[in-house]
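Chemist: Provided herewith: data-v1.cif, mmCIF, C-alpha atoms and all ligand atoms.
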```cif
data_start
#
loop_
_atom_site.group_PDB
_atom_site.id
_atom_site.type_symbol
_atom_site.label_atom_id
_atom_site.label_comp_id
_atom_site.auth_asym_id
_atom_site.auth_seq_id
_atom_site.Cartn_x
_atom_site.Cartn_y
_atom_site.Cartn_z
ATOM 1 C CA MET D 1 152.895 -172.425 -25.503
ATOM 2 C CA PHE D 2 154.367 -174.394 -22.612
ATOM 3 C CA LYS D 3 151.889 -172.850 -20.255
ATOM 4 C CA ASN D 4 148.995 -174.101 -22.371
ATOM 5 C CA PHE D 5 150.451 -177.545 -22.513
ATOM 6 C CA PHE D 6 150.757 -177.837 -18.756
ATOM 7 C CA GLN D 7 147.342 -176.348 -18.166
ATOM 8 C CA ARG D 8 145.612 -179.079 -20.149
ATOM 9 C CA PRO D 9 143.972 -181.603 -17.864
ATOM 10 C CA LYS D 10 145.708 -184.981 -17.874
ATOM 11 C CA TYR D 11 142.466 -186.900 -18.155
ATOM 12 C CA ALA D 12 138.916 -185.998 -19.077
ATOM 13 C CA THR D 13 137.236 -185.240 -15.777
ATOM 14 C CA VAL D 14 133.708 -186.050 -14.686
ATOM 15 C CA SER D 15 132.132 -183.602 -12.270
ATOM 16 C CA GLN D 16 130.752 -184.771 -8.905
ATOM 17 C CA LYS D 17 127.279 -183.690 -10.013
ATOM 18 C CA GLU D 18 127.448 -185.803 -13.167
ATOM 19 C CA LYS D 19 128.661 -188.781 -11.134
ATOM 20 C CA LYS D 20 125.771 -188.434 -8.671
ATOM 21 C CA GLU D 21 123.204 -188.163 -11.467
ATOM 22 C CA LYS D 22 124.608 -191.253 -13.170
ATOM 23 C CA GLN D 23 124.455 -193.255 -9.943
ATOM 24 C CA LYS D 24 120.891 -192.096 -9.262
ATOM 25 C CA LYS D 25 119.836 -193.225 -12.744
ATOM 26 C CA LYS D 26 121.568 -196.582 -12.248
ATOM 27 C CA ASP D 27 119.777 -197.115 -8.925
ATOM 28 C CA GLU D 28 116.429 -196.300 -10.501
ATOM 29 C CA ASP D 29 117.064 -198.787 -13.315
ATOM 30 C CA ASN D 30 118.138 -201.466 -10.830
ATOM 31 C CA ASN D 31 115.025 -200.995 -8.718
ATOM 32 C CA LEU D 32 112.824 -201.756 -11.687
ATOM 33 C CA SER D 33 115.022 -204.385 -13.263
ATOM 34 C CA PHE D 34 113.029 -207.372 -11.998
ATOM 35 C CA LEU D 35 109.971 -206.154 -13.911
ATOM 36 C CA TRP D 36 111.236 -203.957 -16.698
ATOM 37 C CA THR D 37 114.293 -203.624 -18.850
ATOM 38 C CA LYS D 38 115.357 -200.496 -20.640
ATOM 39 C CA CYS D 39 116.488 -200.992 -24.232
ATOM 40 C CA LYS D 40 120.139 -200.023 -24.581
ATOM 41 C CA ASP D 41 119.614 -198.891 -28.137
ATOM 42 C CA CYS D 42 116.338 -196.948 -28.272
ATOM 43 C CA GLY D 43 115.596 -196.444 -24.567
ATOM 44 C CA GLU D 44 112.204 -198.164 -24.708
ATOM 45 C CA ILE D 45 111.035 -199.673 -21.405
ATOM 46 C CA ILE D 46 110.068 -203.290 -22.008
ATOM 47 C CA PHE D 47 108.187 -205.707 -19.777
ATOM 48 C CA ASN D 48 110.588 -208.565 -18.956
ATOM 49 C CA LYS D 49 108.059 -211.282 -19.781
ATOM 50 C CA GLU D 50 107.525 -209.749 -23.228
ATOM 51 C CA LEU D 51 111.281 -209.670 -23.742
ATOM 52 C CA GLU D 52 111.674 -213.368 -22.899
ATOM 53 C CA LYS D 53 108.902 -214.280 -25.309
ATOM 54 C CA ASN D 54 110.518 -212.283 -28.087
ATOM 55 C CA ASN D 55 113.972 -213.996 -27.852
ATOM 56 C CA LYS D 56 115.235 -210.958 -25.919
ATOM 57 C CA ILE D 57 114.726 -208.646 -28.887
ATOM 58 C CA CYS D 58 113.421 -205.095 -28.392
ATOM 59 C CA TYR D 59 110.056 -204.974 -30.181
ATOM 60 C CA LYS D 60 110.533 -201.299 -31.010
ATOM 61 C CA CYS D 61 114.014 -201.125 -32.545
ATOM 62 C CA GLY D 62 115.115 -204.753 -32.930
ATOM 63 C CA TYR D 63 118.109 -204.521 -30.580
ATOM 64 C CA GLY D 64 119.097 -207.940 -29.250
ATOM 65 C CA PHE D 65 119.832 -208.176 -25.524
ATOM 66 C CA ARG D 66 122.713 -210.398 -24.439
ATOM 67 C CA LEU D 67 121.968 -214.114 -24.595
ATOM 68 C CA THR D 68 123.484 -216.968 -22.633
ATOM 69 C CA ALA D 69 125.135 -219.702 -24.695
ATOM 70 C CA THR D 70 122.113 -221.948 -24.112
ATOM 71 C CA GLU D 71 119.686 -219.249 -25.284
ATOM 72 C CA ARG D 72 121.866 -218.644 -28.336
ATOM 73 C CA ILE D 73 121.814 -222.343 -29.204
ATOM 74 C CA ASN D 74 118.031 -222.383 -28.835
ATOM 75 C CA VAL D 75 117.464 -219.490 -31.235
ATOM 76 C CA THR D 76 120.102 -220.506 -33.796
ATOM 77 C CA VAL D 77 120.594 -224.251 -34.011
ATOM 78 C CA ASP D 78 117.941 -226.697 -35.244
ATOM 79 C CA ASP D 79 115.989 -228.248 -32.366
ATOM 80 C CA GLY D 80 117.749 -231.201 -30.805
ATOM 81 C CA SER D 81 120.677 -231.137 -33.242
ATOM 82 C CA PHE D 82 123.309 -229.617 -30.956
ATOM 83 C CA GLU D 83 125.860 -231.995 -29.500
ATOM 84 C CA GLU D 84 128.391 -230.402 -27.221
ATOM 85 C CA PHE D 85 132.003 -231.572 -27.054
ATOM 86 C CA ASN D 86 134.904 -230.840 -24.678
ATOM 87 C CA GLU D 87 132.483 -229.490 -22.082
ATOM 88 C CA ASP D 88 134.630 -230.725 -19.187
ATOM 89 C CA ILE D 89 137.812 -228.763 -19.857
ATOM 90 C CA GLU D 90 138.349 -226.447 -16.905
ATOM 91 C CA ALA D 91 140.737 -223.619 -16.114
ATOM 92 C CA THR D 92 143.467 -223.920 -13.519
ATOM 93 C CA ASN D 93 145.233 -221.003 -11.906
ATOM 94 C CA PRO D 94 148.541 -221.051 -13.794
ATOM 95 C CA LEU D 95 149.847 -217.774 -12.370
ATOM 96 C CA GLN D 96 148.522 -218.356 -8.830
ATOM 97 C CA PHE D 97 146.493 -215.184 -9.275
ATOM 98 C CA PRO D 98 144.943 -214.290 -5.894
ATOM 99 C CA GLY D 99 141.235 -215.066 -5.699
ATOM 100 C CA TYR D 100 141.008 -216.546 -9.220
ATOM 101 C CA GLU D 101 139.829 -219.996 -8.084
ATOM 102 C CA GLU D 102 137.044 -218.501 -5.956
ATOM 103 C CA LYS D 103 135.939 -216.250 -8.791
ATOM 104 C CA LEU D 104 135.909 -219.214 -11.193
ATOM 105 C CA LYS D 105 133.764 -221.165 -8.765
ATOM 106 C CA GLN D 106 131.310 -218.268 -8.488
ATOM 107 C CA GLU D 107 131.038 -218.030 -12.272
ATOM 108 C CA LYS D 108 130.481 -221.792 -12.561
ATOM 109 C CA ASP D 109 127.754 -221.739 -9.921
ATOM 110 C CA LYS D 110 126.100 -218.726 -11.533
ATOM 111 C CA THR D 111 125.996 -220.097 -15.088
ATOM 112 C CA GLY D 112 126.136 -223.874 -14.712
ATOM 113 C CA ARG D 113 128.976 -223.814 -17.260
ATOM 114 C CA LYS D 114 132.610 -224.732 -16.725
ATOM 115 C CA GLU D 115 134.042 -222.078 -19.027
ATOM 116 C CA ALA D 116 133.107 -219.044 -21.122
ATOM 117 C CA ILE D 117 132.863 -220.979 -24.388
ATOM 118 C CA VAL D 118 130.550 -223.757 -25.531
ATOM 119 C CA THR D 119 131.547 -225.840 -28.556
ATOM 120 C CA GLY D 120 129.658 -228.503 -30.433
ATOM 121 C CA THR D 121 128.253 -229.775 -33.685
ATOM 122 C CA GLY D 122 124.775 -229.101 -34.982
ATOM 123 C CA THR D 123 122.689 -228.098 -37.953
ATOM 124 C CA ILE D 124 121.388 -224.660 -38.907
ATOM 125 C CA THR D 125 118.370 -224.964 -41.214
ATOM 126 C CA GLY D 126 119.631 -228.447 -42.042
ATOM 127 C CA ASN D 127 123.251 -227.475 -42.742
ATOM 128 C CA LYS D 128 125.820 -229.222 -40.596
ATOM 129 C CA CYS D 129 128.548 -227.140 -38.970
ATOM 130 C CA VAL D 130 130.754 -226.827 -35.921
ATOM 131 C CA ILE D 131 129.512 -224.092 -33.617
ATOM 132 C CA ALA D 132 131.341 -222.216 -30.865
ATOM 133 C CA ILE D 133 129.592 -219.704 -28.639
ATOM 134 C CA LEU D 134 131.152 -217.363 -26.130
ATOM 135 C CA ASP D 135 128.991 -216.584 -23.135
ATOM 136 C CA SER D 136 129.371 -213.073 -21.754
ATOM 137 C CA HIS D 137 127.644 -214.200 -18.536
ATOM 138 C CA PHE D 138 130.704 -216.288 -17.623
ATOM 139 C CA PHE D 139 133.622 -214.026 -16.673
ATOM 140 C CA MET D 140 132.490 -211.493 -19.312
ATOM 141 C CA GLY D 141 133.255 -214.098 -22.003
ATOM 142 C CA SER D 142 136.937 -213.448 -21.431
ATOM 143 C CA MET D 143 139.451 -215.534 -23.359
ATOM 144 C CA GLY D 144 141.840 -217.516 -21.202
ATOM 145 C CA THR D 145 143.692 -220.752 -21.899
ATOM 146 C CA VAL D 146 140.545 -222.900 -21.908
ATOM 147 C CA VAL D 147 138.616 -220.664 -24.311
ATOM 148 C CA GLY D 148 141.635 -220.654 -26.638
ATOM 149 C CA GLU D 149 142.071 -224.414 -26.408
ATOM 150 C CA LYS D 150 138.394 -225.219 -26.954
ATOM 151 C CA PHE D 151 138.315 -222.815 -29.916
ATOM 152 C CA VAL D 152 141.275 -224.591 -31.517
ATOM 153 C CA LEU D 153 139.703 -228.003 -30.872
ATOM 154 C CA ALA D 154 136.527 -226.742 -32.552
ATOM 155 C CA VAL D 155 138.562 -225.668 -35.607
ATOM 156 C CA GLU D 156 140.145 -229.123 -35.717
ATOM 157 C CA LYS D 157 136.740 -230.767 -35.414
ATOM 158 C CA ALA D 158 135.445 -228.721 -38.370
ATOM 159 C CA ILE D 159 138.429 -229.897 -40.435
ATOM 160 C CA GLU D 160 137.922 -233.510 -39.347
ATOM 161 C CA LEU D 161 134.245 -233.411 -40.338
ATOM 162 C CA GLY D 162 134.789 -231.223 -43.405
ATOM 163 C CA VAL D 163 132.148 -228.693 -42.310
ATOM 164 C CA PRO D 164 132.112 -224.889 -41.851
ATOM 165 C CA LEU D 165 132.889 -223.215 -38.528
ATOM 166 C CA VAL D 166 130.363 -220.797 -37.046
ATOM 167 C CA VAL D 167 131.440 -218.756 -34.031
ATOM 168 C CA PHE D 168 129.357 -216.346 -31.954
ATOM 169 C CA SER D 169 131.605 -213.988 -30.005
ATOM 170 C CA ALA D 170 130.651 -212.001 -26.918
ATOM 171 C CA SER D 171 133.635 -211.017 -24.871
ATOM 172 C CA GLY D 172 135.312 -208.374 -22.787
ATOM 173 C CA GLY D 173 138.700 -209.510 -24.126
ATOM 174 C CA ALA D 174 141.605 -211.446 -22.660
ATOM 175 C CA ARG D 175 141.286 -212.922 -19.155
ATOM 176 C CA MET D 176 143.365 -210.721 -16.918
ATOM 177 C CA GLN D 177 143.878 -213.421 -14.261
ATOM 178 C CA GLU D 178 145.799 -215.587 -16.730
ATOM 179 C CA GLY D 179 148.053 -212.751 -17.844
ATOM 180 C CA LEU D 180 150.358 -213.426 -20.750
ATOM 181 C CA LEU D 181 148.899 -216.908 -21.228
ATOM 182 C CA SER D 182 145.614 -215.221 -22.180
ATOM 183 C CA LEU D 183 147.313 -212.955 -24.688
ATOM 184 C CA MET D 184 148.937 -216.003 -26.268
ATOM 185 C CA GLN D 185 145.460 -217.314 -27.122
ATOM 186 C CA MET D 186 145.124 -214.470 -29.632
ATOM 187 C CA ALA D 187 147.990 -215.915 -31.668
ATOM 188 C CA LYS D 188 146.945 -219.507 -31.037
ATOM 189 C CA THR D 189 143.332 -219.067 -32.242
ATOM 190 C CA SER D 190 144.414 -216.984 -35.242
ATOM 191 C CA ALA D 191 147.017 -219.562 -36.267
ATOM 192 C CA ALA D 192 144.483 -222.397 -36.019
ATOM 193 C CA LEU D 193 142.280 -220.622 -38.548
ATOM 194 C CA ASN D 194 145.041 -220.942 -41.144
ATOM 195 C CA LYS D 195 144.547 -224.709 -40.994
ATOM 196 C CA LEU D 196 140.844 -224.168 -41.706
ATOM 197 C CA THR D 197 141.746 -222.022 -44.711
ATOM 198 C CA ASP D 198 144.132 -224.742 -45.948
ATOM 199 C CA ALA D 199 141.259 -227.212 -45.689
ATOM 200 C CA ARG D 200 139.177 -224.754 -47.789
ATOM 201 C CA LEU D 201 136.434 -224.523 -45.185
ATOM 202 C CA PRO D 202 134.652 -221.267 -44.356
ATOM 203 C CA PHE D 203 134.754 -219.530 -40.995
ATOM 204 C CA ILE D 204 131.691 -217.432 -40.286
ATOM 205 C CA SER D 205 132.313 -215.014 -37.429
ATOM 206 C CA ILE D 206 129.321 -213.430 -35.728
ATOM 207 C CA LEU D 207 130.044 -210.495 -33.452
ATOM 208 C CA THR D 208 127.443 -209.975 -30.763
ATOM 209 C CA ASP D 209 127.177 -207.444 -27.965
ATOM 210 C CA PRO D 210 129.907 -206.895 -26.762
ATOM 211 C CA THR D 211 132.897 -208.118 -28.794
ATOM 212 C CA THR D 212 135.920 -206.241 -27.512
ATOM 213 C CA GLY D 213 139.579 -206.457 -26.514
ATOM 214 C CA GLY D 214 141.704 -209.471 -27.366
ATOM 215 C CA VAL D 215 138.818 -211.350 -28.983
ATOM 216 C CA SER D 216 137.971 -208.554 -31.440
ATOM 217 C CA ALA D 217 141.702 -208.156 -32.096
ATOM 218 C CA SER D 218 142.221 -211.821 -32.973
ATOM 219 C CA TYR D 219 140.064 -214.624 -34.395
ATOM 220 C CA ALA D 220 136.737 -212.712 -34.341
ATOM 221 C CA SER D 221 137.991 -210.287 -37.009
ATOM 222 C CA LEU D 222 139.368 -213.080 -39.179
ATOM 223 C CA GLY D 223 136.068 -214.496 -40.413
ATOM 224 C CA ASP D 224 135.726 -215.231 -44.125
ATOM 225 C CA ILE D 225 132.345 -213.656 -43.536
ATOM 226 C CA ILE D 226 131.903 -211.307 -40.584
ATOM 227 C CA ILE D 227 128.389 -210.613 -39.414
ATOM 228 C CA ALA D 228 127.417 -208.376 -36.513
ATOM 229 C CA GLU D 229 124.217 -208.554 -34.582
ATOM 230 C CA GLN D 230 122.198 -205.353 -34.714
ATOM 231 C CA GLY D 231 123.296 -202.740 -32.168
ATOM 232 C CA ALA D 232 126.304 -204.748 -30.938
ATOM 233 C CA LEU D 233 129.270 -202.923 -29.407
ATOM 234 C CA ILE D 234 132.425 -203.960 -31.248
ATOM 235 C CA GLY D 235 135.889 -202.541 -30.699
ATOM 236 C CA PHE D 236 139.248 -202.946 -29.050
ATOM 237 C CA ALA D 237 139.386 -200.382 -26.252
ATOM 238 C CA GLY D 238 136.191 -198.894 -24.844
ATOM 239 C CA PRO D 239 134.973 -195.458 -26.030
ATOM 240 C CA ARG D 240 135.792 -193.813 -22.684
ATOM 241 C CA VAL D 241 139.426 -194.915 -22.821
ATOM 242 C CA ILE D 242 139.770 -193.669 -26.398
ATOM 243 C CA GLU D 243 138.157 -190.304 -25.568
ATOM 244 C CA GLN D 244 140.521 -189.835 -22.652
ATOM 245 C CA THR D 245 143.528 -190.727 -24.789
ATOM 246 C CA ILE D 246 142.807 -188.629 -27.857
ATOM 247 C CA ARG D 247 140.950 -185.928 -25.886
ATOM 248 C CA GLN D 248 138.217 -185.709 -28.455
ATOM 249 C CA LYS D 249 134.542 -186.504 -28.472
ATOM 250 C CA LEU D 250 133.802 -189.619 -30.520
ATOM 251 C CA PRO D 251 131.160 -189.565 -33.252
ATOM 252 C CA GLN D 252 127.608 -190.772 -32.609
ATOM 253 C CA GLY D 253 127.232 -194.537 -32.802
ATOM 254 C CA PHE D 254 131.000 -195.129 -32.687
ATOM 255 C CA GLN D 255 131.867 -198.856 -32.293
ATOM 256 C CA ARG D 256 128.314 -199.975 -32.951
ATOM 257 C CA ALA D 257 127.648 -202.668 -35.571
ATOM 258 C CA GLU D 258 126.024 -200.224 -38.007
ATOM 259 C CA PHE D 259 128.958 -197.782 -37.798
ATOM 260 C CA LEU D 260 131.399 -200.600 -38.527
ATOM 261 C CA LEU D 261 129.408 -201.687 -41.556
ATOM 262 C CA GLN D 262 129.486 -198.138 -42.947
ATOM 263 C CA HIS D 263 133.246 -198.113 -42.506
ATOM 264 C CA GLY D 264 133.842 -201.470 -44.135
ATOM 265 C CA LEU D 265 134.984 -203.491 -41.132
ATOM 266 C CA ILE D 266 132.215 -206.059 -41.335
ATOM 267 C CA ASP D 267 130.131 -207.621 -44.122
ATOM 268 C CA LYS D 268 126.624 -207.456 -42.774
ATOM 269 C CA VAL D 269 124.459 -206.382 -39.852
ATOM 270 C CA VAL D 270 121.737 -208.871 -39.079
ATOM 271 C CA ALA D 271 118.845 -208.680 -36.604
ATOM 272 C CA ARG D 272 118.532 -211.614 -34.253
ATOM 273 C CA ASP D 273 115.273 -212.933 -35.675
ATOM 274 C CA GLU D 274 116.878 -213.118 -39.122
ATOM 275 C CA MET D 275 120.190 -214.595 -37.975
ATOM 276 C CA LYS D 276 119.272 -218.263 -38.308
ATOM 277 C CA ASP D 277 117.931 -217.906 -41.867
ATOM 278 C CA THR D 278 120.883 -215.756 -42.927
ATOM 279 C CA LEU D 279 123.378 -218.277 -41.558
ATOM 280 C CA GLY D 280 121.432 -221.128 -43.145
ATOM 281 C CA LYS D 281 121.651 -219.447 -46.565
ATOM 282 C CA ILE D 282 125.384 -218.752 -46.238
ATOM 283 C CA LEU D 283 126.079 -222.325 -45.117
ATOM 284 C CA GLU D 284 124.050 -223.693 -47.990
ATOM 285 C CA LEU D 285 125.975 -221.583 -50.513
ATOM 286 C CA HIS D 286 129.247 -222.841 -49.080
ATOM 287 C CA SER D 287 128.232 -226.436 -48.473
ATOM 288 C CA VAL D 288 131.007 -228.767 -49.425
ATOM 289 C CA GLY D 289 130.097 -231.711 -51.567
ATOM 290 C CA GLY D 290 126.338 -231.117 -51.084
HETATM 291 ZN ZN ZN D 301 114.996 -200.795 -28.563
#
```
Could I get this file's structure written as structure tokens?
Modeler:
Amino acid sequence: MFKNFFQRPKYATVSQKEKKEKQKKKDEDNNLSFLWTKCKDCGEIIFNKELEKNNKICYKCGYGFRLTATERINVTVDDGSFEEFNEDIEATNPLQFPGYEEKLKQEKDKTGRKEAIVTGTGTITGNKCVIAILDSHFFMGSMGTVVGEKFVLAVEKAIELGVPLVVFSASGGARMQEGLLSLMQMAKTSAALNKLTDARLPFISILTDPTTGGVSASYASLGDIIIAEQGALIGFAGPRVIEQTIRQKLPQGFQRAEFLLQHGLIDKVVARDEMKDTLGKILELHSVGG
């Protein structure tokens, strides 16, 4: 018995051959990436220009590729209605984490944003709401002190205006470089939502690809209505980490939006081209005072 125990490998191992094949495939994909994109869901190869035209939706299976916050606003909010607030709040380096300032600067230059969340007011099919959008292109949409603070300010704005809160999440989790201060945002954002509940205003949480870590484990799972975009990866730890821990193969489609719907964790899976209308209908049903 003891012998068997000690003979078990500590971690799931990947053979050299598998590693090489994976890298070769990655290189091939990268070489073609300026012209073509491979659908993560169905594997279809799509011409990039086609993809842009189609709001980054796979024409074959409907999978929605990751959007920047600006693209998300364009496909969701009524034209010209979005007014951003608190756009100038920026992160500092509270723990003096080596290299954090440089990395922040790189992310700012790359995206033209100052942080991983954009908050503002706008209308969706004519229904006014406060909207917050996490951008996975900025530091993987990770939640640090600024994301937490801007989220809370958005909740307070919704209460002040007496309108619903709509949040699109896309995040790798807590921001490692801000350590414990990042983890505190989980409690801070969750607590703020209680004030929204007291004000009897709905919080509609939309989980897009990917919503993981500290974000999935805090406010994103606390929506009065939780919607996931088709094909989105949603979970706490990644599938590889779980497989290595429990030493079992995970079922097909594990942590995908559709799997979560089957298991009762979310209310609805919606394709991107139907998201605006769906949100509009929900907001209309919950409109306060007409
Ligand atoms: Zn597809």
Chemist: Tell me, as an mmCIF file with C-alpha atoms, keeping the file's coordinate frame, which residues lie within 6 Å of range 143-148 of chain D, counting only C-alpha atoms; anything in the same chain fewer than 5 positions away does not count.
Modeler:
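Ended up saving to selection.cif:
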```cif
data_model
loop_
_atom_site.group_PDB
_atom_site.id
_atom_site.type_symbol
_atom_site.label_atom_id
_atom_site.label_comp_id
_atom_site.auth_asym_id
_atom_site.auth_seq_id
_atom_site.Cartn_x
_atom_site.Cartn_y
_atom_site.Cartn_z
ATOM 1 C CA ALA D 91 140.737 -223.619 -16.114
ATOM 2 C CA ILE D 117 132.863 -220.979 -24.388
ATOM 3 C CA ALA D 174 141.605 -211.446 -22.660
ATOM 4 C CA ARG D 175 141.286 -212.922 -19.155
ATOM 5 C CA SER D 182 145.614 -215.221 -22.180
ATOM 6 C CA GLN D 185 145.460 -217.314 -27.122
#
```
Chemist: At a cut-off of 7 Å, using only C-alpha atoms, what residues contact Val118 in chain D? Leave out same-chain residues fewer than 2 positions from it and give the result as a PyMOL selection string.
Modeler: chain D and resi 69+87+116+120+132-134
Chemist: List the neighbours of Val77 in chain D out to 9 Å using all atoms listed in the file; skip same-chain residues closer than 6 positions along the sequence, and give me the result as number ranges by chain.
Modeler: D: 122-125, 131, 276
Chemist: Kindly indicate which residue among D:Leu196, D:Leu165, D:Ala191, D:Ile46 lies nearest to ligand ZN 301 (chain D), using only C-alpha atoms and all ligand atoms for the distances.
Modeler: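 Comparing D:Leu196, D:Leu165, D:Ala191, D:Ile46 against ligand ZN 301 (chain D), the winner is D:Ile46.
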Chemist: Let me have all residues with an atom within 9 Å of ligand ZN 301 (chain D), counting all atoms listed in the file, laid out as JSON, numbers by chain.
Modeler: {"D": [38, 39, 40, 41, 42, 43, 44, 45, 46, 57, 58, 59, 60, 61, 62, 63, 64]}
Chemist: So, with only C-alpha atoms as the atoms that count, which of D:Gln252, D:Ser205, D:Thr197, D:Asn54 lies closest to Asp267 in chain D?
Modeler: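 Looking only at the distances to Asp267 in chain D, the closest residue turns out to be D:Ser205.
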Chemist: Please write as a compact mmCIF listing (two decimals) with C-alpha atoms, in the coordinates of the input the full residue list that the PyMOL selection byres (((chain D and resi 78) around 12) and not hetatm) yields on this file.
Modeler:
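Below is the file result14.txt, written as the result:
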```
# COMPACT_ATOMS: atom_id res chain seq x y z
CA ARG D 72 121.87 -218.64 -28.34
CA ILE D 73 121.81 -222.34 -29.20
CA ASN D 74 118.03 -222.38 -28.84
CA VAL D 75 117.46 -219.49 -31.24
CA THR D 76 120.10 -220.51 -33.80
CA VAL D 77 120.59 -224.25 -34.01
CA ASP D 79 115.99 -228.25 -32.37
CA GLY D 80 117.75 -231.20 -30.80
CA SER D 81 120.68 -231.14 -33.24
CA PHE D 82 123.31 -229.62 -30.96
CA GLU D 83 125.86 -232.00 -29.50
CA THR D 121 128.25 -229.78 -33.68
CA GLY D 122 124.78 -229.10 -34.98
CA THR D 123 122.69 -228.10 -37.95
CA ILE D 124 121.39 -224.66 -38.91
CA THR D 125 118.37 -224.96 -41.21
CA GLY D 126 119.63 -228.45 -42.04
CA ASN D 127 123.25 -227.48 -42.74
CA LYS D 128 125.82 -229.22 -40.60
CA CYS D 129 128.55 -227.14 -38.97
CA ILE D 131 129.51 -224.09 -33.62
CA LYS D 276 119.27 -218.26 -38.31
CA ASP D 277 117.93 -217.91 -41.87
CA LEU D 279 123.38 -218.28 -41.56
CA GLY D 280 121.43 -221.13 -43.14
```
Chemist: Expressed in Å to a single decimal, how great is the separation between CA of Gly173 in chain D and CA of Ala237 in chain D?
Modeler: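 Those two atoms sit 9.4 Å apart.
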Chemist: Show me, as number ranges by chain, the residues that have an atom within 9 Å of range 226-232 of chain D when counting only C-alpha atoms, minus same-chain residues fewer than 5 positions from it.
Modeler: D: 40-41, 62-64, 203-211, 220-221, 255-258, 260-261, 265-272, 275
Chemist: Considering all atoms listed in the file, can you say which of D:Ala199, D:Leu183, D:Met140, D:Ile159 comes closest to Leu104 in chain D?
Modeler: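 Comparing D:Ala199, D:Leu183, D:Met140, D:Ile159 against Leu104 in chain D, the winner is D:Met140.
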Chemist: From the list D:Glu274, D:Glu102, D:Glu284, D:Glu84, which residue is nearest Val163 in chain D when using only C-alpha atoms?
Modeler: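 Smallest separation from Val163 in chain D among the options: D:Glu284.
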Chemist: One decimal, Å: what's the distance from CA of Gly238 in chain D over to CA of Gly179 in chain D, could you say?
Modeler: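 Interatomic distance here is 19.5 Å.
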Chemist: Considering only C-alpha atoms, can you say which of D:Lys20, D:His137, D:Arg113, D:Lys281 comes closest to Leu67 in chain D?
Modeler: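 With only C-alpha atoms as the atom set, the closest residue is D:His137.
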Chemist: Which residue, D:Leu95, D:Ile225, D:Ile89, D:Leu51, has the smallest gap to Ile282 in chain D when you use all atoms listed in the file?
Modeler: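 So, comparing all the options, the nearest one is D:Ile225.
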Chemist: Could you add N, CA, C and O atoms to range 144-154 of chain D and give me the result as a PDB file, in the frame of the given file?
Modeler:
```
ATOM      1  N   GLY D 144     140.665-217.005 -21.890  1.00  0.00           N
ATOM      2  CA  GLY D 144     141.840-217.516 -21.202  1.00  0.00           C
ATOM      3  C   GLY D 144     142.328-218.751 -21.932  1.00  0.00           C
ATOM      4  O   GLY D 144     141.943-218.991 -23.082  1.00  0.00           O
ATOM      5  N   THR D 145     143.112-219.571 -21.248  1.00  0.00           N
ATOM      6  CA  THR D 145     143.692-220.752 -21.899  1.00  0.00           C
ATOM      7  C   THR D 145     142.622-221.748 -22.354  1.00  0.00           C
ATOM      8  O   THR D 145     142.757-222.348 -23.411  1.00  0.00           O
ATOM      9  N   VAL D 146     141.569-221.907 -21.552  1.00  0.00           N
ATOM     10  CA  VAL D 146     140.545-222.900 -21.908  1.00  0.00           C
ATOM     11  C   VAL D 146     139.729-222.445 -23.129  1.00  0.00           C
ATOM     12  O   VAL D 146     139.461-223.233 -24.035  1.00  0.00           O
ATOM     13  N   VAL D 147     139.360-221.171 -23.149  1.00  0.00           N
ATOM     14  CA  VAL D 147     138.616-220.664 -24.311  1.00  0.00           C
ATOM     15  C   VAL D 147     139.456-220.850 -25.581  1.00  0.00           C
ATOM     16  O   VAL D 147     138.965-221.324 -26.603  1.00  0.00           O
ATOM     17  N   GLY D 148     140.741-220.503 -25.486  1.00  0.00           N
ATOM     18  CA  GLY D 148     141.635-220.654 -26.638  1.00  0.00           C
ATOM     19  C   GLY D 148     141.733-222.104 -27.080  1.00  0.00           C
ATOM     20  O   GLY D 148     141.615-222.424 -28.264  1.00  0.00           O
ATOM     21  N   GLU D 149     141.908-222.989 -26.096  1.00  0.00           N
ATOM     22  CA  GLU D 149     142.071-224.414 -26.408  1.00  0.00           C
ATOM     23  C   GLU D 149     140.797-224.997 -27.026  1.00  0.00           C
ATOM     24  O   GLU D 149     140.849-225.695 -28.045  1.00  0.00           O
ATOM     25  N   LYS D 150     139.653-224.674 -26.440  1.00  0.00           N
ATOM     26  CA  LYS D 150     138.394-225.219 -26.954  1.00  0.00           C
ATOM     27  C   LYS D 150     138.089-224.659 -28.349  1.00  0.00           C
ATOM     28  O   LYS D 150     137.519-225.348 -29.190  1.00  0.00           O
ATOM     29  N   PHE D 151     138.487-223.413 -28.582  1.00  0.00           N
ATOM     30  CA  PHE D 151     138.315-222.815 -29.916  1.00  0.00           C
ATOM     31  C   PHE D 151     139.127-223.602 -30.938  1.00  0.00           C
ATOM     32  O   PHE D 151     138.636-223.982 -31.994  1.00  0.00           O
ATOM     33  N   VAL D 152     140.394-223.867 -30.593  1.00  0.00           N
ATOM     34  CA  VAL D 152     141.275-224.591 -31.517  1.00  0.00           C
ATOM     35  C   VAL D 152     140.746-226.008 -31.764  1.00  0.00           C
ATOM     36  O   VAL D 152     140.732-226.491 -32.896  1.00  0.00           O
ATOM     37  N   LEU D 153     140.265-226.653 -30.711  1.00  0.00           N
ATOM     38  CA  LEU D 153     139.703-228.003 -30.872  1.00  0.00           C
ATOM     39  C   LEU D 153     138.461-227.972 -31.770  1.00  0.00           C
ATOM     40  O   LEU D 153     138.206-228.910 -32.527  1.00  0.00           O
ATOM     41  N   ALA D 154     137.709-226.881 -31.683  1.00  0.00           N
ATOM     42  CA  ALA D 154     136.527-226.742 -32.552  1.00  0.00           C
ATOM     43  C   ALA D 154     136.957-226.591 -34.011  1.00  0.00           C
ATOM     44  O   ALA D 154     136.333-227.148 -34.925  1.00  0.00           O
TER      45      ALA D 154
END
```
